[in-house]
Amino acid sequence: MFTRMLKLKLLNALAPAYFFIATAVTFILYFCLFIPTIFQTPAMSLEASTVFHTAVFLFLMLNALGNYIMTIKYPAESANESVIPMCSPDCPDRVDAHYLLNGRHFCKLCKKVILRRDHHCFFTGNCIGNKNMRYFIMFCIYTSCTCLYSLVLGVAFLTVEYSISFENPLTFLTLLPLSTGYFFMGVISGLQLFLVLMLYVWLGIGLVCAGFCCQQVLLVARGKTWCQMQRGQLVESCSTWRDNLGDVFGSRWVLGLFLPVQTVEASSADQAGHKHD
């Protein structure tokens, strides 16, 4: 138990660092390599395509970072419970949290009581619940879009700079092992190998975030959380799927699709959490 908890705490510290490093690397590659190489323009001149792609990248990146910050800024802990409950030795729940009745959980990593806890996100370092689920879902959407967009530009850069053809669907499957072998043989540079590795990082993060986002939206529409699914509580919510989505995304949900702003009042989020308990 102690060893597993130590591993979770270590992961809780390393995952945010990994996220910020990957974000910084993506930002540097975009402005230092992709834009100057793919969209070559004369000095002191900006083409419409360059401005467009830069605006799209900044929009996706800033929304991903903005919703990431909002997920942390509006935690899901209960403001009315400050006493840390003790976990019994025969606690039936997972090692990172235990159930406290009425839809509440105590997270051993956050050391707080969480309202309608869904799961603990190691990349944000806090629990996802009724107050920050909307920001977490938007964070997943924009992170997935940013990674897949960076993947497309990375492929374009490798095609332009190193004349690598991706017309064959099998190229992407064999690119990493072949590039690794060529690197140790001294045929390609370390930068090219690093760019190939980043393609797989962007693809992996993009697909995982997209799949995770779809799962979370389906759970929200059903009025359920991942913790409830794990406990076998599969009874459908009494509310309609529109009401369940409205509780999470708020009445100004259209604005929240394009800007990382608060669309649900704090008091309303608290009431929603207690309503489902």
# chains A, B, ... in the order shown; residues from 1 in each chain; ligands from 1
>>> residues_around(residues="segment 248-259 of chain A", least_positions_apart="3", cutoff="10 Å", atoms="only C-alpha atoms", output="PyMOL selection string")
chain A and resi 59-60+62-64+66-67+129-135+137-138+141-142+217+220-221+223+243-245+262-265+268-269+272-273
>>> residues_around(residues="Leu197 of chain A", least_positions_apart="5", cutoff="9 Å", atoms="only C-alpha atoms", output="ChimeraX atom specification")
/A:176,192,202
>>> atom_distance(atom1="atom CA of Phe57 of chain A", atom2="atom CA of Ser179 of chain A")
27.3 Å
>>> closest_residue(among="A:Phe52, A:Phe123, A:Tyr149, A:Phe34", to="Leu14 of chain A", atoms="only C-alpha atoms")
A:Phe123
>>> closest_residue(among="A:Met229, A:Cys147, A:Val208, A:Ala156", to="Val25 of chain A", atoms="only C-alpha atoms")
A:Cys147
>>> atom_distance(atom1="atom CA of Ile69 of chain A", atom2="atom CA of Ala17 of chain A")
14.1 Å
>>> decode(residues="segment 150-250 of chain A", atoms="C-alpha atoms", output="short mmCIF file (atom, residue, chain, number, x, y, z; two decimals), in the first residue's frame")
data_model
loop_
_atom_site.label_atom_id
_atom_site.label_comp_id
_atom_site.auth_asym_id
_atom_site.auth_seq_id
_atom_site.Cartn_x
_atom_site.Cartn_y
_atom_site.Cartn_z
CA SER A 150 1.05 19.75 -34.65
CA LEU A 151 1.21 16.22 -36.06
CA VAL A 152 0.06 17.45 -39.48
CA LEU A 153 2.59 20.29 -39.48
CA GLY A 154 5.33 17.91 -38.30
CA VAL A 155 4.60 15.59 -41.21
CA ALA A 156 4.67 18.58 -43.58
CA PHE A 157 8.01 19.71 -42.15
CA LEU A 158 9.61 16.28 -42.57
CA THR A 159 8.30 16.14 -46.13
CA VAL A 160 9.68 19.57 -47.04
CA GLU A 161 12.96 19.46 -45.13
CA TYR A 162 13.96 15.77 -45.39
CA SER A 163 11.92 14.64 -48.44
CA ILE A 164 10.14 11.91 -46.49
CA SER A 165 7.04 10.69 -48.32
CA PHE A 166 3.96 9.72 -46.31
CA GLU A 167 1.89 8.57 -49.30
CA ASN A 168 2.31 4.95 -48.24
CA PRO A 169 0.11 4.23 -45.18
CA LEU A 170 2.81 1.93 -43.81
CA THR A 171 5.35 4.77 -43.69
CA PHE A 172 4.17 5.97 -40.28
CA LEU A 173 4.34 2.43 -38.85
CA THR A 174 7.95 1.91 -39.92
CA LEU A 175 9.19 5.49 -39.50
CA LEU A 176 10.28 5.25 -35.86
CA PRO A 177 12.22 1.94 -36.01
CA LEU A 178 13.90 2.90 -39.28
CA SER A 179 14.79 6.38 -38.01
CA THR A 180 16.25 4.91 -34.82
CA GLY A 181 18.42 2.53 -36.81
CA TYR A 182 19.55 5.27 -39.21
CA PHE A 183 20.41 7.52 -36.26
CA PHE A 184 22.76 4.97 -34.68
CA MET A 185 24.28 4.34 -38.11
CA GLY A 186 24.96 8.07 -38.42
CA VAL A 187 22.71 8.52 -41.46
CA ILE A 188 20.28 11.05 -39.95
CA SER A 189 20.73 13.78 -37.35
CA GLY A 190 19.47 13.81 -33.78
CA LEU A 191 17.04 16.60 -34.67
CA GLN A 192 15.34 14.46 -37.28
CA LEU A 193 15.03 11.54 -34.85
CA PHE A 194 13.62 13.90 -32.21
CA LEU A 195 11.01 15.20 -34.64
CA VAL A 196 9.98 11.65 -35.50
CA LEU A 197 9.59 10.89 -31.80
CA MET A 198 7.46 14.01 -31.37
CA LEU A 199 5.14 12.80 -34.15
CA TYR A 200 4.35 9.71 -32.10
CA VAL A 201 3.99 11.77 -28.92
CA TRP A 202 1.49 14.10 -30.60
CA LEU A 203 -0.41 11.20 -32.12
CA GLY A 204 -0.59 9.32 -28.83
CA ILE A 205 -1.65 12.30 -26.71
CA GLY A 206 -4.12 13.47 -29.36
CA LEU A 207 -5.89 10.11 -29.66
CA VAL A 208 -5.93 9.47 -25.91
CA CYS A 209 -7.37 12.91 -25.14
CA ALA A 210 -10.00 12.53 -27.88
CA GLY A 211 -11.10 9.13 -26.60
CA PHE A 212 -11.08 10.27 -22.99
CA CYS A 213 -13.12 13.35 -23.90
CA CYS A 214 -15.79 11.22 -25.61
CA GLN A 215 -15.98 8.97 -22.54
CA GLN A 216 -16.39 11.94 -20.18
CA VAL A 217 -19.11 13.55 -22.30
CA LEU A 218 -21.08 10.29 -22.36
CA LEU A 219 -20.76 9.92 -18.58
CA VAL A 220 -21.86 13.53 -18.02
CA ALA A 221 -24.84 13.08 -20.34
CA ARG A 222 -25.89 10.04 -18.30
CA GLY A 223 -25.38 11.89 -15.03
CA LYS A 224 -22.68 9.47 -13.94
CA THR A 225 -19.04 9.62 -12.92
CA TRP A 226 -16.14 7.24 -13.48
CA CYS A 227 -16.10 6.42 -9.77
CA GLN A 228 -19.74 5.36 -9.94
CA MET A 229 -19.00 3.17 -12.94
CA GLN A 230 -16.22 1.47 -11.01
CA ARG A 231 -18.53 0.86 -8.06
CA GLY A 232 -21.13 -0.69 -10.34
CA GLN A 233 -23.70 2.08 -9.87
CA LEU A 234 -25.18 1.94 -13.37
CA VAL A 235 -28.67 3.27 -12.54
CA GLU A 236 -29.67 5.98 -14.99
CA SER A 237 -30.02 9.55 -13.76
CA CYS A 238 -33.53 10.94 -13.20
CA SER A 239 -32.57 14.08 -15.15
CA THR A 240 -32.50 14.28 -18.93
CA TRP A 241 -29.25 14.35 -20.82
CA ARG A 242 -29.82 18.04 -21.61
CA ASP A 243 -30.14 18.87 -17.91
CA ASN A 244 -27.04 16.81 -17.07
CA LEU A 245 -24.97 18.58 -19.71
CA GLY A 246 -26.40 21.95 -18.58
CA ASP A 247 -25.29 21.29 -14.99
CA VAL A 248 -21.70 20.87 -16.19
CA PHE A 249 -21.42 23.30 -19.11
CA GLY A 250 -23.81 25.99 -17.87
#
